[in-house]
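A short write-up of the structure that comes next.
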Amino acid sequence: MSPRFRGLVWQAAVLTVVCAAALLAARQARINLEARGIAQGFAYLARPAGFEIAPGVLAYTSRDTYARALAVGVVNTLRVSLLAMALATVLGLGVGLARLSRHRTLATAAGAAVEALRNTPLLLQLFCWHALWWLLPGPLDPIRVWPGLLLCNRGLYLPGPWGSPEISRFGIDGGLWISPEFTTLLIGLSVAAAAFIGEIVRGGVLAVDRGQGEAAAALGLSHGQTLRRVLLPQAMPMMVPPLTSQFVNVVKNSSLGVAIGYPDLISLTSTTLNQTGQAIEAIAVAMACYVGIGVVLSMGVQAWERRRR
Amino acid sequence: MCGWPLAGRVDLVALKLLAVSMVVAGMSSCSGAATAIPVATVKAAGTATPTLDAVRRKGFVQCGVTTGVAGFSAPDAFGEWRGLDVDVCRAIAAAVLGDARRVHFTPLTAAQRFAALQSGEIDVLARVTTITFQRDVQLGLEFPVVNWYDGSSFLVPRASGVRSPRDLDGATICISAGSTNEVDVADYFRRNHLRFTPLVMERVDEVTSAYFAGRCDAFSQDRAALAAIRARAPKPDDHVVLQEVISKAPYGPAVMPDDLRWLEIVRWSVYAMIDAEELGLTSEGVDGASASADPNVQRFLGQSGGFGPMLGLDAHWAYRIVKQVGNYAESFERNIKPLGIERGMNRLWSAGGILYAPDLR
């Protein structure tokens with residue numbers, strides 16, 4: 001038997017066992033639910049949801065279906081996660097390089113920040129960021145950061161394609177609205193992930209052979225040029241796999257948004273679960289969504305990495 | 001059939017249902033009995049009264065309550081659970097086990113409560129739960145009785161000048177996740193062609209602080225819960241609970257339907273408290289009432305009729321409820337009244353309310 005064939009047999013065997021276990025579990029769940037008289041199946045997804053969601057990218061009213069409400073959740077999760085990934089990468093690069101800096105104060109400060117962020121629960125950090133919003137004045141007396149740009153405890157209001165924000169009876173109308181919950185989650189996720197990404201950057205750069213840096217210096221390259229042209233490009237391949245994990249973490253951590261009132265996938269799943277009582281289906285759908293996002297993300301990074309080589 | 005001891009609480013009780021199924025699936029397949037239908041994993045299967053048997057065996061009632069809603073279920077300064085819903089659990093314990101103190105409480109979030117009951121983690125759910133069609137029909141549980149009538153309304157800052165829910169057009173409204181209020185508010189605004197922005201948070205404490213921090217213009221909940229929240233405000237007088245109610249919210253304890261005897265015990269424990277008030281029986285006066293010539297009182301106290309044994313209990317079950325827990329009015333005065341909530345429609349039918357319990361006969 002060739003090793004290749006043996007490998008295939010083993011893989012097929014494992015796959016069969018896993019699938020059989022999953023099928024058996026699903027079957028048993030169905031039997032148990034039937035015995036308890038609990039509704040089951042995914043028909044609920046096509047029923048009207050009946051609850052409202054704070055306005056976002058995807059149009060939605062309470063007459064739309066549960067499926068649509070979940071789609072709003074997925075979009076909201078993606079919106080905050082993708083932005084947080086970008087912001088965290090930029091911040092993380094800065095933190096990592098700061099820790100490598102020859103300036104003692106800068107390196108120490110960056111180190112302290114990393115330790116503080118890495119060693120406190122993200123939920124706690126989110127509550128702290130969220131509480132900062134409540135120090136701001138109310139919507140009837142907002143801070144005018146810039147003409148047409150208003151800041152208050154209801155969020156940040158920018159001039160948009162549909163006119164500029166104006167103070168109305170409740171809060172502010174018109175313009176583009178960025179909610180405190182979105183901002184809190186975006187900042188919280190980015191800053192926390194930046195601490196981890198900073199360490200990945202530092203580790204990657206340190207792993208490049210010392211001689212490379214010395215050779216670059218001997219050629220007369222400045223410190224910045226050495227980093228940009230010599231060290232970072234060589235550190236990249238080592239940084240990408242752990243960076244991908246961090247990106248997936250950002251997506252998963254965005255589910256903490258439910259604690260501060262951001263209508264993410266988990267928040268809308270929990271409302272759906274409560275109204276329909278179909279816990280297993282609702283949780284399964286949410287899990288499938290997260291797995292899907294994670295897999296697409298990893299594949300995307302891998303494809304990008306292959307093209308870069 | 002395979003049994004599987006399930007101890008401890010899992011945060012996402014939903015996952016637990018899944019886990020139970022998987023464990024049972026694994027076990028039944030390993031023992032070659034894959035066609036067996038496991039009903040309840042933590043209760044004795046096969047008897048007609050699995051919950052009642054389990055409660056008697058354990059020696060206590062496992063009761064699902066809130067994580068802290070003043071007036072209905074909240075621990076006091078000594079860690080003792082108190083509230084109108086807590087008294088339902090205590091009445092059941094007094095009737096079944098002879099001692100109102102033999103109750104263990106499981107604090108549950110709104111999202112956890114039904115799965116906790118379905119998975120057999122608790123014997124009865126007494127957690128400010130609004131009875132709705134979907135919950136009654138789709139969740140496979142039963143609501144034997146109503147113990148409080150309420151409805152959704154709004155808490156608003158007095159300075160906002162809001163007098164009616166209609167004044168809230170364009171407002172941001174704080175709502176706690178998993179409550180029926182999410183739909184009540186959406187329905188009301190749609191019906192009246194008004195707009196609002198919801199802010200939904202999982203924990204009541206978080207929503208409450210968001211409201212007090214001025215993040216929303218109004219807080220929507222049932223009126224009794226709003227009064228409890230208002231009482232926690234830095235300056236309660238700065239906030240008002242609107243008079244107008246936008247929905248019906250009858251609260252009741254919930255049980256699983258696999259034990260009809262247990263369901264009847266829960267129902268009649270609540271009825272006993274209401275009947276006791278109607279008969280003028282109080283925790284202090286009930287001992288002196290044994291000389292009463294009123295046939296209703298005699299039946300209630302187990303001196304005639306033999307109703308206790310019909311319920312699988314002894315003759316003095318109702319007497320113990322009144323003696324140890326008190327009648328409905330006592331429970332109200334002790335738990336709800338201090339919050340400044342009027343009894344309103346929760347008065348006896350004979351006093352202009354809608355509380356109307358069948359007699360013991």
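Ordering of the structure tokens sets the chain letters (A, B, ...), residue numbers begin anew at 1 in every chain, and ligands are numbered from 1 in the order given.
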
> Skipping near chain neighbours, those fewer than 6 positions away, what residues fall within 9 Å of Ser179 of chain A using only C-alpha atoms, listed as an MDAnalysis selection string?
Replying inline: chainID A and resid 154:157 262

> Counting only C-alpha atoms, what is within 12 Å of segment 279-282 of chain A, bar same-chain residues fewer than 2 positions away, as an MDAnalysis selection string?
Replying inline: (chainID A and resid 25:26 29:30 32:33 38:45 66:67 70 265:277 284:289) or (chainID B and resid 12:21 111:116 118:119 138:139)

Within 12 Å of Ala228 of chain B, counting only C-alpha atoms, which residues show up once you throw out same-chain ones fewer than 2 positions away? Write them as a short mmCIF file (atom, residue, chain, number, x, y, z; two decimals) with C-alpha atoms, in the first residue's frame, please.
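To be explicit, this is the file written out as part_7.cif:
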data_model
loop_
_atom_site.label_atom_id
_atom_site.label_comp_id
_atom_site.auth_asym_id
_atom_site.auth_seq_id
_atom_site.Cartn_x
_atom_site.Cartn_y
_atom_site.Cartn_z
CA GLY B 68 -32.14 40.91 39.81
CA VAL B 69 -35.39 42.77 39.15
CA ALA B 70 -36.50 44.52 42.33
CA GLY B 71 -40.00 43.56 43.44
CA PHE B 72 -40.10 40.30 41.48
CA SER B 73 -36.86 38.49 42.21
CA ALA B 74 -33.75 40.05 43.68
CA GLY B 83 -40.05 39.22 45.31
CA LEU B 155 -39.49 55.82 31.43
CA VAL B 204 -30.62 45.22 32.18
CA ASP B 205 -27.88 46.97 34.21
CA THR B 208 -30.10 51.19 32.69
CA GLN B 221 -40.05 48.00 29.75
CA ASP B 222 -43.13 46.85 31.58
CA ARG B 223 -44.44 49.46 34.03
CA ALA B 224 -43.54 47.62 37.24
CA ALA B 225 -39.96 47.03 36.07
CA LEU B 226 -39.71 50.69 35.04
CA ARG B 230 -36.69 54.68 38.35
CA ALA B 231 -36.20 53.99 42.06
CA ARG B 232 -32.50 53.34 41.30
CA ALA B 233 -32.01 56.70 39.57
CA PRO B 236 -35.84 59.47 40.94
CA HIS B 239 -37.80 60.70 35.73
CA VAL B 240 -41.40 59.68 35.08
CA VAL B 241 -43.03 56.43 34.03
CA ASN B 335 -42.42 43.24 47.48
CA ILE B 336 -44.06 45.56 44.99
CA LYS B 337 -45.56 48.39 47.03
CA PRO B 338 -42.21 49.69 48.37
CA LEU B 339 -41.28 50.47 44.75
CA GLY B 340 -44.14 52.94 44.59
CA ILE B 341 -46.19 50.81 42.20
#

> Leaving out Pro250 of chain B and any residue of its chain fewer than 2 positions from it, which residues lie within 8 Å of it when counting only C-alpha atoms, given as JSON, numbers by chain?
Replying inline: {"B": [129, 130, 131, 146, 147, 148, 149, 150, 151, 248, 252]}

>> Quick check for you: according to DSSP on this backbone, which residues of segment 40-251 of chain A are classed as alpha helix (DSSP H)? Reply as a PyMOL selection string.
In response: chain A and resi 66-100+104-118+122-133+180-207+210-218+223-225+232-251
